[in-house]
Amino acid sequence: MSGFLFPVPPVPTIALRGESAAYAVSRIFCVGRNYAAHAAEMGVEVDREAPFYFTKSPAHLVPSGVTLPYPPGTDDYHHEMELAFALGAPLFRASRQQASAAILAYGCALDMTRRDLQGQAKNLRRPWDLGKDFEGAAVLAEMTRAADFGPVGAQRIHLSVNGQIRQQSDLSLMIHDCVDVLVHLSKFYHLGPGDVILTGTPEGVGAVHPGDVLEGGIDGLAPVRLTIGAAD
């Protein structure tokens, strides 16, 4: 038996700066509550012992520069600006040295969130899928090779809405850095090329509305941009 019942969608990809070949995405892991000030604004405590995760479907990945309709089912659609990184080598039960060497590239990302649905799920002790995993929920800019970006340190991370700064912090304030996350995550998954990790958002998250233009950046990386369209 061969063929498929329905057309197969294209493989989700991310562009790499200055390269013609794209990075194919197979999984997206997201780190929750990785900045203390953001956790505080959400009214929760951070877990400094170990990171925790949720996932987004690669089918919900869109590139920087798109216009997305305001999503259905929510009245409280939020931006979350984040550093993302992509793996370029297999990784399982990794040491810090192995984890560091496996990072292929870094990029700017938006973790878009239906905050009201996430809040309802939290209150009912249910998964966050409706709040975090929906069409267009992951917006990624083109990525920069790790060797060209250099070490993750105190680079500024920021996001503006219609030219007004909403989020502003630096990467050194992440509770669990990229290598920490990989060492921990590789205890539970066989990681490798195709895996993308979003590392959490700093404080200043907030609602967006149709017509809003979001522009986010991290020093040394290509910016991410999103326009919010009318609701479907």
# chains A, B, ... in the order shown; residues from 1 in each chain; ligands from 1
>>> residues_around(residues="segment 98-111 of chain A", least_positions_apart="4", cutoff="6 Å", atoms="only C-alpha atoms", output="mmCIF file with N, CA, C and O atoms, in the first residue's frame")
data_model
loop_
_atom_site.group_PDB
_atom_site.id
_atom_site.type_symbol
_atom_site.label_atom_id
_atom_site.label_comp_id
_atom_site.auth_asym_id
_atom_site.auth_seq_id
_atom_site.Cartn_x
_atom_site.Cartn_y
_atom_site.Cartn_z
ATOM 1 N N GLU A 80 4.509 36.811 24.375
ATOM 2 C CA GLU A 80 5.619 36.417 25.240
ATOM 3 C C GLU A 80 6.869 36.331 24.370
ATOM 4 O O GLU A 80 6.970 35.470 23.506
ATOM 5 N N MET A 81 7.809 37.233 24.594
ATOM 6 C CA MET A 81 9.049 37.286 23.826
ATOM 7 C C MET A 81 10.085 36.343 24.434
ATOM 8 O O MET A 81 10.281 36.341 25.659
ATOM 9 N N GLU A 82 10.758 35.533 23.580
ATOM 10 C CA GLU A 82 11.656 34.512 24.112
ATOM 11 C C GLU A 82 12.882 34.303 23.219
ATOM 12 O O GLU A 82 12.852 34.564 22.019
ATOM 13 N N LEU A 83 13.938 33.775 23.845
ATOM 14 C CA LEU A 83 15.077 33.225 23.117
ATOM 15 C C LEU A 83 14.763 31.776 22.775
ATOM 16 O O LEU A 83 14.343 31.002 23.645
ATOM 17 N N ALA A 84 14.974 31.392 21.515
ATOM 18 C CA ALA A 84 14.836 30.005 21.095
ATOM 19 C C ALA A 84 16.197 29.485 20.654
ATOM 20 O O ALA A 84 17.061 30.253 20.227
ATOM 21 N N PHE A 85 16.377 28.181 20.753
ATOM 22 C CA PHE A 85 17.581 27.579 20.172
ATOM 23 C C PHE A 85 17.230 26.235 19.551
ATOM 24 O O PHE A 85 16.232 25.601 19.909
ATOM 25 N N ALA A 86 18.042 25.826 18.580
ATOM 26 C CA ALA A 86 17.807 24.604 17.821
ATOM 27 C C ALA A 86 18.998 23.666 17.968
ATOM 28 O O ALA A 86 20.153 24.114 18.031
ATOM 29 N N LEU A 87 18.722 22.385 18.004
ATOM 30 C CA LEU A 87 19.776 21.385 18.158
ATOM 31 C C LEU A 87 20.301 20.918 16.808
ATOM 32 O O LEU A 87 19.555 20.840 15.826
ATOM 33 N N GLY A 88 21.589 20.569 16.809
ATOM 34 C CA GLY A 88 22.214 20.078 15.592
ATOM 35 C C GLY A 88 22.875 18.732 15.745
ATOM 36 O O GLY A 88 23.560 18.256 14.833
ATOM 37 N N ALA A 89 22.695 18.067 16.906
ATOM 38 C CA ALA A 89 23.331 16.777 17.162
ATOM 39 C C ALA A 89 22.468 15.986 18.126
ATOM 40 O O ALA A 89 21.726 16.561 18.932
ATOM 41 N N ALA A 94 22.772 13.927 28.708
ATOM 42 C CA ALA A 94 23.954 14.690 28.309
ATOM 43 C C ALA A 94 24.669 15.336 29.486
ATOM 44 O O ALA A 94 24.071 15.713 30.494
ATOM 45 N N ALA A 138 3.459 29.759 17.700
ATOM 46 C CA ALA A 138 4.920 29.886 17.772
ATOM 47 C C ALA A 138 5.397 30.665 16.554
ATOM 48 O O ALA A 138 5.239 30.205 15.422
ATOM 49 N N VAL A 139 5.957 31.838 16.778
ATOM 50 C CA VAL A 139 6.476 32.684 15.703
ATOM 51 C C VAL A 139 7.986 32.747 15.853
ATOM 52 O O VAL A 139 8.478 33.177 16.906
ATOM 53 N N LEU A 140 8.715 32.310 14.833
ATOM 54 C CA LEU A 140 10.179 32.274 14.929
ATOM 55 C C LEU A 140 10.828 33.053 13.804
ATOM 56 O O LEU A 140 10.462 32.910 12.633
ATOM 57 N N ALA A 141 11.796 33.879 14.177
ATOM 58 C CA ALA A 141 12.611 34.594 13.205
ATOM 59 C C ALA A 141 13.700 33.666 12.672
ATOM 60 O O ALA A 141 13.914 32.568 13.201
ATOM 61 N N MET A 143 17.255 32.082 12.286
ATOM 62 C CA MET A 143 18.196 31.809 13.367
ATOM 63 C C MET A 143 19.631 32.098 12.949
ATOM 64 O O MET A 143 19.942 32.133 11.751
ATOM 65 N N THR A 144 20.468 32.293 13.943
ATOM 66 C CA THR A 144 21.889 32.561 13.752
ATOM 67 C C THR A 144 22.695 31.418 14.353
ATOM 68 O O THR A 144 22.422 30.974 15.475
ATOM 69 N N ARG A 145 23.671 30.935 13.606
ATOM 70 C CA ARG A 145 24.522 29.850 14.106
ATOM 71 C C ARG A 145 25.121 30.227 15.459
ATOM 72 O O ARG A 145 25.521 31.377 15.698
ATOM 73 N N ALA A 146 25.201 29.239 16.346
ATOM 74 C CA ALA A 146 25.721 29.485 17.693
ATOM 75 C C ALA A 146 27.136 30.058 17.658
ATOM 76 O O ALA A 146 27.486 30.933 18.460
ATOM 77 N N VAL A 179 21.982 25.500 28.509
ATOM 78 C CA VAL A 179 22.678 24.242 28.769
ATOM 79 C C VAL A 179 22.007 23.482 29.915
ATOM 80 O O VAL A 179 21.819 22.261 29.845
ATOM 81 N N LEU A 182 18.962 21.736 28.530
ATOM 82 C CA LEU A 182 19.274 20.556 27.728
ATOM 83 C C LEU A 182 19.730 19.377 28.585
ATOM 84 O O LEU A 182 19.342 18.228 28.334
ATOM 85 N N VAL A 224 12.098 39.510 15.439
ATOM 86 C CA VAL A 224 10.851 38.816 15.111
ATOM 87 C C VAL A 224 9.730 39.838 15.045
ATOM 88 O O VAL A 224 9.687 40.787 15.842
#
>>> select_by_dssp(residues="chain A", states="alpha helix (DSSP H)", output="short mmCIF file (atom, residue, chain, number, x, y, z; two decimals) with all heavy atoms, in the first residue's frame")
data_model
loop_
_atom_site.label_atom_id
_atom_site.label_comp_id
_atom_site.auth_asym_id
_atom_site.auth_seq_id
_atom_site.Cartn_x
_atom_site.Cartn_y
_atom_site.Cartn_z
N ALA A 36 12.17 35.06 37.08
CA ALA A 36 11.49 35.25 38.35
C ALA A 36 10.46 36.38 38.28
O ALA A 36 9.36 36.27 38.85
CB ALA A 36 12.51 35.54 39.45
N ALA A 37 10.78 37.48 37.59
CA ALA A 37 9.86 38.62 37.55
C ALA A 37 8.59 38.27 36.77
O ALA A 37 7.51 38.76 37.10
CB ALA A 37 10.55 39.83 36.92
N HIS A 38 8.71 37.44 35.74
CA HIS A 38 7.50 37.01 35.02
C HIS A 38 6.65 36.10 35.89
O HIS A 38 5.42 36.23 35.92
CB HIS A 38 7.87 36.30 33.72
CG HIS A 38 6.70 35.65 33.05
ND1 HIS A 38 5.60 36.36 32.63
CD2 HIS A 38 6.44 34.34 32.76
CE1 HIS A 38 4.71 35.54 32.08
NE2 HIS A 38 5.20 34.30 32.16
N ALA A 39 7.28 35.17 36.59
CA ALA A 39 6.53 34.30 37.49
C ALA A 39 5.77 35.13 38.52
O ALA A 39 4.59 34.88 38.81
CB ALA A 39 7.45 33.31 38.18
N ALA A 40 6.42 36.17 39.04
CA ALA A 40 5.79 37.03 40.04
C ALA A 40 4.58 37.75 39.46
O ALA A 40 3.53 37.86 40.12
CB ALA A 40 6.80 38.03 40.59
N GLU A 41 4.69 38.23 38.21
CA GLU A 41 3.55 38.94 37.63
C GLU A 41 2.39 37.99 37.33
O GLU A 41 1.25 38.43 37.22
CB GLU A 41 3.96 39.72 36.38
CG GLU A 41 4.21 38.90 35.14
CD GLU A 41 4.62 39.75 33.94
OE1 GLU A 41 4.54 41.00 34.01
OE2 GLU A 41 5.01 39.17 32.91
N ARG A 96 27.08 18.73 30.53
CA ARG A 96 27.01 20.14 30.13
C ARG A 96 27.85 20.38 28.86
O ARG A 96 27.45 21.13 27.99
CB ARG A 96 27.51 21.04 31.27
CG ARG A 96 26.53 21.18 32.41
CD ARG A 96 26.96 22.25 33.40
NE ARG A 96 27.07 23.57 32.78
CZ ARG A 96 26.04 24.41 32.62
NH1 ARG A 96 24.83 24.08 33.02
NH2 ARG A 96 26.24 25.60 32.06
N GLN A 97 28.99 19.74 28.77
CA GLN A 97 29.82 19.92 27.58
C GLN A 97 29.12 19.39 26.35
O GLN A 97 29.12 20.04 25.29
CB GLN A 97 31.16 19.20 27.78
CG GLN A 97 32.12 19.37 26.60
CD GLN A 97 33.46 18.69 26.85
OE1 GLN A 97 33.65 18.01 27.85
NE2 GLN A 97 34.39 18.88 25.94
N GLN A 98 28.50 18.22 26.43
CA GLN A 98 27.78 17.67 25.30
C GLN A 98 26.59 18.54 24.92
O GLN A 98 26.32 18.77 23.74
CB GLN A 98 27.31 16.25 25.63
CG GLN A 98 28.42 15.23 25.75
CD GLN A 98 27.95 13.94 26.38
OE1 GLN A 98 27.01 13.91 27.19
NE2 GLN A 98 28.62 12.84 26.02
N ALA A 99 25.88 19.03 25.92
CA ALA A 99 24.71 19.87 25.66
C ALA A 99 25.11 21.16 24.96
O ALA A 99 24.48 21.57 23.98
CB ALA A 99 23.99 20.17 26.97
N SER A 100 26.16 21.79 25.44
CA SER A 100 26.61 23.03 24.82
C SER A 100 27.02 22.82 23.37
O SER A 100 26.68 23.62 22.49
CB SER A 100 27.79 23.60 25.62
OG SER A 100 28.26 24.79 25.06
N ALA A 101 27.71 21.72 23.10
CA ALA A 101 28.18 21.44 21.75
C ALA A 101 27.04 21.11 20.79
O ALA A 101 27.19 21.24 19.57
CB ALA A 101 29.18 20.29 21.78
N ALA A 102 25.90 20.67 21.32
CA ALA A 102 24.78 20.26 20.48
C ALA A 102 23.92 21.42 19.99
O ALA A 102 23.09 21.24 19.09
CB ALA A 102 23.90 19.27 21.22
N ARG A 115 -4.38 33.64 27.10
CA ARG A 115 -4.15 33.68 28.55
C ARG A 115 -5.38 33.25 29.34
O ARG A 115 -5.26 32.59 30.39
CB ARG A 115 -3.72 35.08 28.98
CG ARG A 115 -3.27 35.17 30.43
CD ARG A 115 -1.92 34.48 30.64
NE ARG A 115 -0.86 35.24 30.03
CZ ARG A 115 0.34 34.75 29.71
NH1 ARG A 115 0.61 33.47 29.93
NH2 ARG A 115 1.25 35.52 29.16
N ASP A 116 -6.56 33.64 28.89
CA ASP A 116 -7.76 33.26 29.63
C ASP A 116 -7.95 31.74 29.63
O ASP A 116 -8.30 31.15 30.66
CB ASP A 116 -9.00 33.97 29.10
CG ASP A 116 -9.10 33.99 27.58
OD1 ASP A 116 -8.21 33.46 26.89
OD2 ASP A 116 -10.09 34.57 27.07
N LEU A 117 -7.67 31.10 28.49
CA LEU A 117 -7.81 29.65 28.43
C LEU A 117 -6.73 28.95 29.24
O LEU A 117 -6.97 27.91 29.86
CB LEU A 117 -7.79 29.18 26.98
CG LEU A 117 -8.89 29.74 26.07
CD1 LEU A 117 -8.85 29.05 24.71
CD2 LEU A 117 -10.26 29.58 26.72
N GLN A 118 -5.52 29.51 29.24
CA GLN A 118 -4.46 28.95 30.08
C GLN A 118 -4.85 29.05 31.56
O GLN A 118 -4.67 28.11 32.33
CB GLN A 118 -3.14 29.68 29.84
CG GLN A 118 -1.99 29.10 30.64
CD GLN A 118 -0.77 30.00 30.67
OE1 GLN A 118 -0.87 31.22 30.49
NE2 GLN A 118 0.40 29.42 30.87
N GLY A 119 -5.39 30.21 31.95
CA GLY A 119 -5.80 30.40 33.34
C GLY A 119 -6.89 29.43 33.76
O GLY A 119 -6.86 28.89 34.88
N GLN A 120 -7.85 29.21 32.88
CA GLN A 120 -8.92 28.25 33.19
C GLN A 120 -8.35 26.86 33.38
O GLN A 120 -8.75 26.12 34.30
CB GLN A 120 -9.95 28.26 32.07
CG GLN A 120 -10.77 29.53 31.97
CD GLN A 120 -11.56 29.61 30.67
OE1 GLN A 120 -11.81 28.60 30.01
NE2 GLN A 120 -11.96 30.81 30.30
N ALA A 121 -7.40 26.47 32.53
CA ALA A 121 -6.79 25.15 32.64
C ALA A 121 -6.03 25.02 33.96
O ALA A 121 -6.09 23.97 34.62
CB ALA A 121 -5.87 24.90 31.45
N LYS A 122 -5.28 26.06 34.33
CA LYS A 122 -4.55 26.02 35.59
C LYS A 122 -5.51 25.81 36.77
O LYS A 122 -5.27 25.00 37.67
CB LYS A 122 -3.78 27.32 35.80
CG LYS A 122 -2.57 27.50 34.91
CD LYS A 122 -1.92 28.84 35.21
CE LYS A 122 -0.72 29.11 34.35
NZ LYS A 122 -0.13 30.44 34.63
N ASN A 123 -6.63 26.57 36.76
CA ASN A 123 -7.57 26.48 37.86
C ASN A 123 -8.19 25.09 37.98
O ASN A 123 -8.53 24.65 39.08
CB ASN A 123 -8.67 27.53 37.69
CG ASN A 123 -8.16 28.95 37.87
OD1 ASN A 123 -7.14 29.17 38.51
ND2 ASN A 123 -8.87 29.92 37.31
N ASP A 129 -2.94 23.01 26.79
CA ASP A 129 -2.93 22.96 25.32
C ASP A 129 -3.78 24.04 24.66
O ASP A 129 -3.35 24.68 23.70
CB ASP A 129 -3.39 21.57 24.85
CG ASP A 129 -2.47 20.47 25.30
OD1 ASP A 129 -2.34 20.27 26.53
OD2 ASP A 129 -1.87 19.80 24.44
N LEU A 130 -5.01 24.25 25.13
CA LEU A 130 -5.87 25.24 24.50
C LEU A 130 -5.30 26.65 24.62
O LEU A 130 -5.51 27.49 23.75
CB LEU A 130 -7.27 25.20 25.10
CG LEU A 130 -8.17 24.05 24.68
CD1 LEU A 130 -9.53 24.16 25.39
CD2 LEU A 130 -8.37 24.03 23.17
N GLY A 131 -4.56 26.90 25.69
CA GLY A 131 -3.99 28.23 25.89
C GLY A 131 -2.68 28.44 25.18
O GLY A 131 -2.33 29.58 24.83
N LYS A 132 -1.93 27.36 24.92
CA LYS A 132 -0.57 27.50 24.42
C LYS A 132 -0.33 26.91 23.03
O LYS A 132 0.64 27.28 22.37
CB LYS A 132 0.40 26.81 25.40
CG LYS A 132 0.63 27.59 26.68
CD LYS A 132 1.46 28.85 26.43
CE LYS A 132 1.94 29.48 27.72
NZ LYS A 132 2.80 30.68 27.45
N ALA A 146 25.20 29.24 16.35
CA ALA A 146 25.72 29.49 17.69
C ALA A 146 27.14 30.06 17.66
O ALA A 146 27.49 30.93 18.46
CB ALA A 146 25.69 28.19 18.50
N ALA A 147 27.95 29.59 16.72
CA ALA A 147 29.33 30.08 16.62
C ALA A 147 29.37 31.55 16.27
O ALA A 147 30.30 32.27 16.66
CB ALA A 147 30.10 29.27 15.59
N ASP A 148 28.38 32.03 15.53
CA ASP A 148 28.33 33.44 15.14
C ASP A 148 27.70 34.31 16.22
O ASP A 148 28.03 35.49 16.35
CB ASP A 148 27.54 33.60 13.83
CG ASP A 148 28.22 32.91 12.66
OD1 ASP A 148 29.47 32.89 12.62
OD2 ASP A 148 27.50 32.37 11.78
N PHE A 149 26.79 33.74 16.98
CA PHE A 149 26.12 34.50 18.05
C PHE A 149 27.02 34.63 19.27
O PHE A 149 27.06 35.67 19.94
CB PHE A 149 24.81 33.81 18.43
CG PHE A 149 24.05 34.48 19.53
CD1 PHE A 149 23.60 35.79 19.39
CD2 PHE A 149 23.75 33.81 20.70
CE1 PHE A 149 22.87 36.42 20.40
CE2 PHE A 149 23.03 34.42 21.72
CZ PHE A 149 22.58 35.73 21.57
N CYS A 178 20.36 27.80 28.83
CA CYS A 178 20.13 26.85 27.73
C CYS A 178 20.77 25.49 28.00
O CYS A 178 20.16 24.44 27.74
CB CYS A 178 20.65 27.43 26.42
SG CYS A 178 19.87 28.99 25.94
N VAL A 179 21.98 25.50 28.51
CA VAL A 179 22.68 24.24 28.77
C VAL A 179 22.01 23.48 29.92
O VAL A 179 21.82 22.26 29.85
CB VAL A 179 24.17 24.50 29.06
CG1 VAL A 179 24.87 23.23 29.48
CG2 VAL A 179 24.84 25.11 27.82
N ASP A 180 21.62 24.20 30.97
CA ASP A 180 20.89 23.56 32.07
C ASP A 180 19.63 22.86 31.55
O ASP A 180 19.32 21.73 31.95
CB ASP A 180 20.46 24.59 33.12
CG ASP A 180 21.61 25.14 33.94
OD1 ASP A 180 22.65 24.47 34.02
OD2 ASP A 180 21.46 26.25 34.48
N VAL A 181 18.90 23.56 30.70
CA VAL A 181 17.66 23.00 30.16
C VAL A 181 17.94 21.72 29.37
O VAL A 181 17.25 20.71 29.55
CB VAL A 181 16.96 24.05 29.26
CG1 VAL A 181 15.85 23.40 28.44
CG2 VAL A 181 16.41 25.19 30.11
N LEU A 182 18.96 21.74 28.53
CA LEU A 182 19.27 20.56 27.73
C LEU A 182 19.73 19.38 28.58
O LEU A 182 19.34 18.23 28.33
CB LEU A 182 20.35 20.89 26.70
CG LEU A 182 19.89 21.60 25.43
CD1 LEU A 182 21.07 21.81 24.50
CD2 LEU A 182 18.80 20.81 24.72
N VAL A 183 20.56 19.64 29.58
CA VAL A 183 21.01 18.56 30.45
C VAL A 183 19.80 17.90 31.12
O VAL A 183 19.68 16.67 31.18
CB VAL A 183 22.00 19.08 31.51
CG1 VAL A 183 22.26 18.03 32.58
CG2 VAL A 183 23.31 19.49 30.84
N HIS A 184 18.86 18.72 31.59
CA HIS A 184 17.68 18.19 32.25
C HIS A 184 16.74 17.50 31.27
O HIS A 184 16.28 16.37 31.51
CB HIS A 184 16.95 19.33 32.98
CG HIS A 184 15.76 18.87 33.76
ND1 HIS A 184 14.47 18.99 33.29
CD2 HIS A 184 15.65 18.28 34.98
CE1 HIS A 184 13.63 18.50 34.17
NE2 HIS A 184 14.31 18.07 35.22
N LEU A 185 16.43 18.16 30.17
CA LEU A 185 15.46 17.61 29.21
C LEU A 185 15.96 16.30 28.60
O LEU A 185 15.17 15.40 28.31
CB LEU A 185 15.19 18.64 28.12
CG LEU A 185 14.01 18.39 27.16
CD1 LEU A 185 12.70 18.29 27.92
CD2 LEU A 185 13.95 19.50 26.12
#
>>> select_by_dssp(residues="segment 1-201 of chain A", states="strand (DSSP E or B)", output="JSON, numbers by chain")
{"A": [13, 14, 16, 23, 24, 27, 28, 29, 30, 31, 32, 35, 52, 53, 54, 55, 56, 61, 62, 63, 67, 68, 69, 77, 78, 79, 81, 82, 83, 84, 85, 86, 87, 91, 103, 104, 105, 106, 107, 108, 109, 110, 111, 113, 114, 138, 139, 140, 143, 144, 145, 156, 157, 158, 159, 160, 161, 164, 165, 166, 167, 168, 169, 170, 174, 191, 195, 196, 197, 198]}
>>> residues_around(residues="Asp195 of chain A", least_positions_apart="2", cutoff="8 Å", atoms="only C-alpha atoms", output="PyMOL selection string")
chain A and resi 25-29+86-87+191-193+197
>>> atom_distance(atom1="atom CA of Thr199 of chain A", atom2="atom CA of Val66 of chain A")
22.1 Å
>>> closest_residue(among="A:Ser186, A:Ser172, A:Ser20, A:Thr201", to="Leu159 of chain A", atoms="only C-alpha atoms")
A:Thr201
>>> closest_residue(among="A:Ser95, A:Ser169, A:Gln155, A:Thr113", to="Gly204 of chain A", atoms="only C-alpha atoms")
A:Ser169
>>> closest_residue(among="A:Val196, A:Val208, A:Val152, A:Ile175", to="Gly220 of chain A", atoms="only C-alpha atoms")
A:Val152
>>> residues_around(residues="Ala24 of chain A", least_positions_apart="4", cutoff="8 Å", atoms="only C-alpha atoms", output="list in words")
Val11, Pro12, Thr13, Ile14 and Gly194 of chain A
>>> residues_around(residues="Val46 of chain A", least_positions_apart="2", cutoff="8 Å", atoms="only C-alpha atoms", output="VMD selection string")
chain A and resid 33 to 36 39 44 48
>>> closest_residue(among="A:His60, A:His158, A:Arg114, A:Arg93", to="Asp76 of chain A", atoms="only C-alpha atoms")
A:Arg114
